[in-house]
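Read through the structure below, which is laid out as structure tokens, and then see the notes.
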Protein chains: 2
Amino acid sequence: MVSVSDLDFDQWAEALRSRFEDNAQKALPVGDGPLGTLCEAMRYAVLGGGKRVRALLVYGAGLVTDAPIKALDETALAVEYVHAYSLVHDDLPCMDNDTLRRGKPTAHVKFGEAQAMLAGDSLQPEAFERLAQTELSDAQINALTFCLARASGLRGMCGGQMIDLSSVGRKIDIDTLRRMHELKTGALIGASVRMGALCGNPRLYELVQEALEDFSAAMGLAFQVVDDILDVTADTAVLGKTAGKDLAADKPTYVSLLGLEQARALASQCEERALGALERIENCSDIEKTTCRRLRELARYVIGRNH
Amino acid sequence: MVSVSDLDFDQWAEALRSRFEDNAQKALPVGDGPLGTLCEAMRYAVLGGGKRVRALLVYGAGLVTDAPIKALDETALAVEYVHAYSLVHDDLPCMDNDTLRRGKPTAHVKFGEAQAMLAGDSLQPEAFERLAQTELSDAQINALTFCLARASGLRGMCGGQMIDLSSVGRKIDIDTLRRMHELKTGALIGASVRMGALCGNPRLYELVQEALEDFSAAMGLAFQVVDDILDVTADTAVLGKTAGKDLAADKPTYVSLLGLEQARALASQCEERALGALERIENCSDIEKTTCRRLRELARYVIGRNH
């Protein structure tokens with residue numbers, strides 16, 4: 001199994017990324033004719049790239065509640081499908097109008113706008129369809145469905161995107177920026193952790209739930225702060241997407257509002273808070289001492305990454 | 001209750017349409033700032049119009065399996081949310097580029113493209129979120145979720161839209177046209193019937209399941225055939241959307257492929273098949289004789305409508 005403790009973090013992450021890629025290859029639909037073309041666009045959106053942070057969080061959180069790997073596989077697919085669809089829609093001309101993503105042309109550049117939009121629209125129900133077929137109790141599946149739906153819509157990702165849209169070229173304050181990212185990125189990051197843990201032992205889940213929410217909140221914030229830092233410090237080749245584009249679009253970011261050094265300090269605070277939450281989990285008497293290892297490594301990875 | 005037998009069909013349908021409208025008014029989110037604007041767009045897409053055929057099918061099918069009205073309310077919302085989102089996305093410039101819907105400007109004309117797309121993207125998870133909170137058993141909720149997801153994605157609505165996109169301006173045969181509509185319209189019509197029935201007694205559902213599928217298939221086909229007939233015979237004011245637009249866009253339709261008279265004959269055959277399926281249900285010994293009354297009336301309504 002991919003959680004064996006003799007793998008270091010990079011090996012563990014790589015093993016799971018390749019496991020995810022295999023699963024997605026098999027799970028994503030194929031077809032003939034026009035449906036085949038739509039399948040191709042769906043596959044293009046999901047396959048072949050990305051850090052898979054959300055999938056790794058699903059697997060990492062699943063370790064905490066001793067979740068069965070097959071359920072984590074399905075959950076990771078569902079979460080990454082939703083993430084992939086959101087990237088496709090965000091890149092469309094009527095949104096961010098971006099042409100490069102994960103080092104490749106964006107979906108609408110490759111398939112045209114209509115088909116890209118439709119591929120996104122298809123990935124969303126595909127995610128719920130997978131969850132509905134996961135080998136878990138009906139109660140667990142419902143909890144997963146609710147969690148993913150909540151994180152994807154108005155109270156999550158879409159809501160954040162709406163704040164984003166309405167703030168381009170305007171001055172917004174740090175609270176609005178934070179709220180935007182809590183919804184746009186944080187909600188699905190949090191859902192990944194929660195859903196991974198929900199796949200496991202319900203009694204353990206209840207024990208760790210609160211600390212995991214704290215961990216997720218810190219991770220969601222850190223993720224975006226680091227993204228904003230990288231937008232000004234990294235270059236396009238390393239990033240795999242257009243660097244400096246937030247600056248160019250006059251988008252408010254943590255860096256533009258706080259300055260680079262303060263933004264870096266905020267990222268460090270987030271790391272401390274995330275690691276503190278994990279420590280609280282490992283101090284529970286019913287929890288094995290090394291159970292949070294992968295989540296801890298993930299926190300360090302997300303905050304220390306250079307792309 | 002809205003099923004009392006002394007209401008004629010028009011009264012029953014009107015009572016349920018207004019019940020649905022009230023429910024949707026309360027259920028659809030409201031908010032301040034940018035989220036408030038997104039909520040407005042979601043509300044605009046769902047509220048104030050439409051024949052609510054899918055909602056009526058949910059309620060009508062629920063009567064067959066003695067489903068609780070509250071569960072039918074939630075299910076009707078979920079199905080109409082998905083339908084509403086699909087209309088918003090289909091009307092976008094990169095799709096059908098339509099400016100009039102239900103007698104009003106389309107969502108992107110009113111709110112701009114980005115926000116219209118986002119409103120659609122938000123309605124989809126909102127539908128699943130509602131289902132997940134329905135007062136039914138977890139097993140029933142999962143069945144509903146699966147059913148809605150299947151009908152919305154590649155194997156349903158989105159798949160049909162893809163065939164539609166790829167067939168504009170091209171010659172397609174009657175089998176392709178049929179397949180397109182089975183997916184694009186038929187899948188969600190079928191899901192409405194199935195989901196309404198799934199909300200009720202599982203034992204009754206099992207008894208009627210096969211006949212209901214037959215009913216749904218006939219209804220889905222009839223619905224589209226009649227739509228195509230109306231596109232050439234009705235005018236824009238009655239239709240509430242642009243009449244003759246399929247003809248103008250050189251879209252293949254049942255009328256363009258079969259001619260008006262043959263298309264009308266096909267609609268009649270569908271009606272017979274739908275009514276025959278309901279008769280089989282009422283011949284089951286465990287089923288009350290009048291249980292299919294509303295579905296029967298709905299079949300006649302869908303096929304006899306003039307808009």
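How things are named: the first chain in the structure tokens is A, the next is B, and so on; residues count from 1 in each chain; ligands count from 1 in the order shown.
Within 7 Å of chain B, chain A contributes the residues Pro34, Leu35, Leu38, Cys94, Met95, Glu113, Ala114, Leu118, Ser122, Pro125, Glu126, Phe128, Glu129, Ala132, Asp138, Ala139, Asn142, Thr145, Phe146, Ala149, Arg150, Ser152, Gly153, Leu154, Cys158, Gly159, Met162, Ile163 and Ser166 of chain A, using only C-alpha atoms.
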Selection near B:Glu206, 12 Å with only C-alpha atoms, sequence-local residues under 3 positions removed, as a ChimeraX atom specification: /B:64-65,194,197-198,200-203,209-213,281,284,286-287
Sel. of helix (DSSP H, G or I) residues, stretch 145-290 of chain A, as a PyMOL selection string: chain A and resi 145-152+157-167+174-198+202-233+236-239+245-248+254-258+260-282
Selected residue of minimal separation from A:Val302 among A:Asp227, A:Asp32, A:Glu40, A:Glu279, counting only C-alpha atoms: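 Closest to A:Val302 of all the choices is A:Asp227.
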Residues within 10 Å of B:Leu57, only C-alpha atoms, excluding chain neighbours under 5 positions, as a PyMOL selection string: chain B and resi 52+62-63+76+189-197+216+294-295+298-299
Contact residues around A:Ile69 with only C-alpha atoms at 12 Å, ignoring same-chain residues under 4 positions, as a VMD selection string: chain A and resid 1 to 3 16 19 to 20 23 58 to 63 65 73 to 76 134 to 136 196 to 197 199 to 200
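Of note, atom CA of B:Phe9 and atom CA of B:Leu72 are spaced 18.2 Å apart.
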Strand (DSSP E) residues, from DSSP on the backbone, in stretch 42-124 of chain B, as a VMD selection string: chain B and resid 100 to 101 104 to 105
Separation of atom CA of B:Leu100 from atom CA of B:Val82, in Å and rounded to one decimal: 19.0 Å
Distance query B:Ile303 at most 12 Å, only C-alpha atoms, self and fewer than 4 positions along chain excluded, as number ranges by chain: B: 53, 218-230, 263-272, 274-275, 296-299, 307
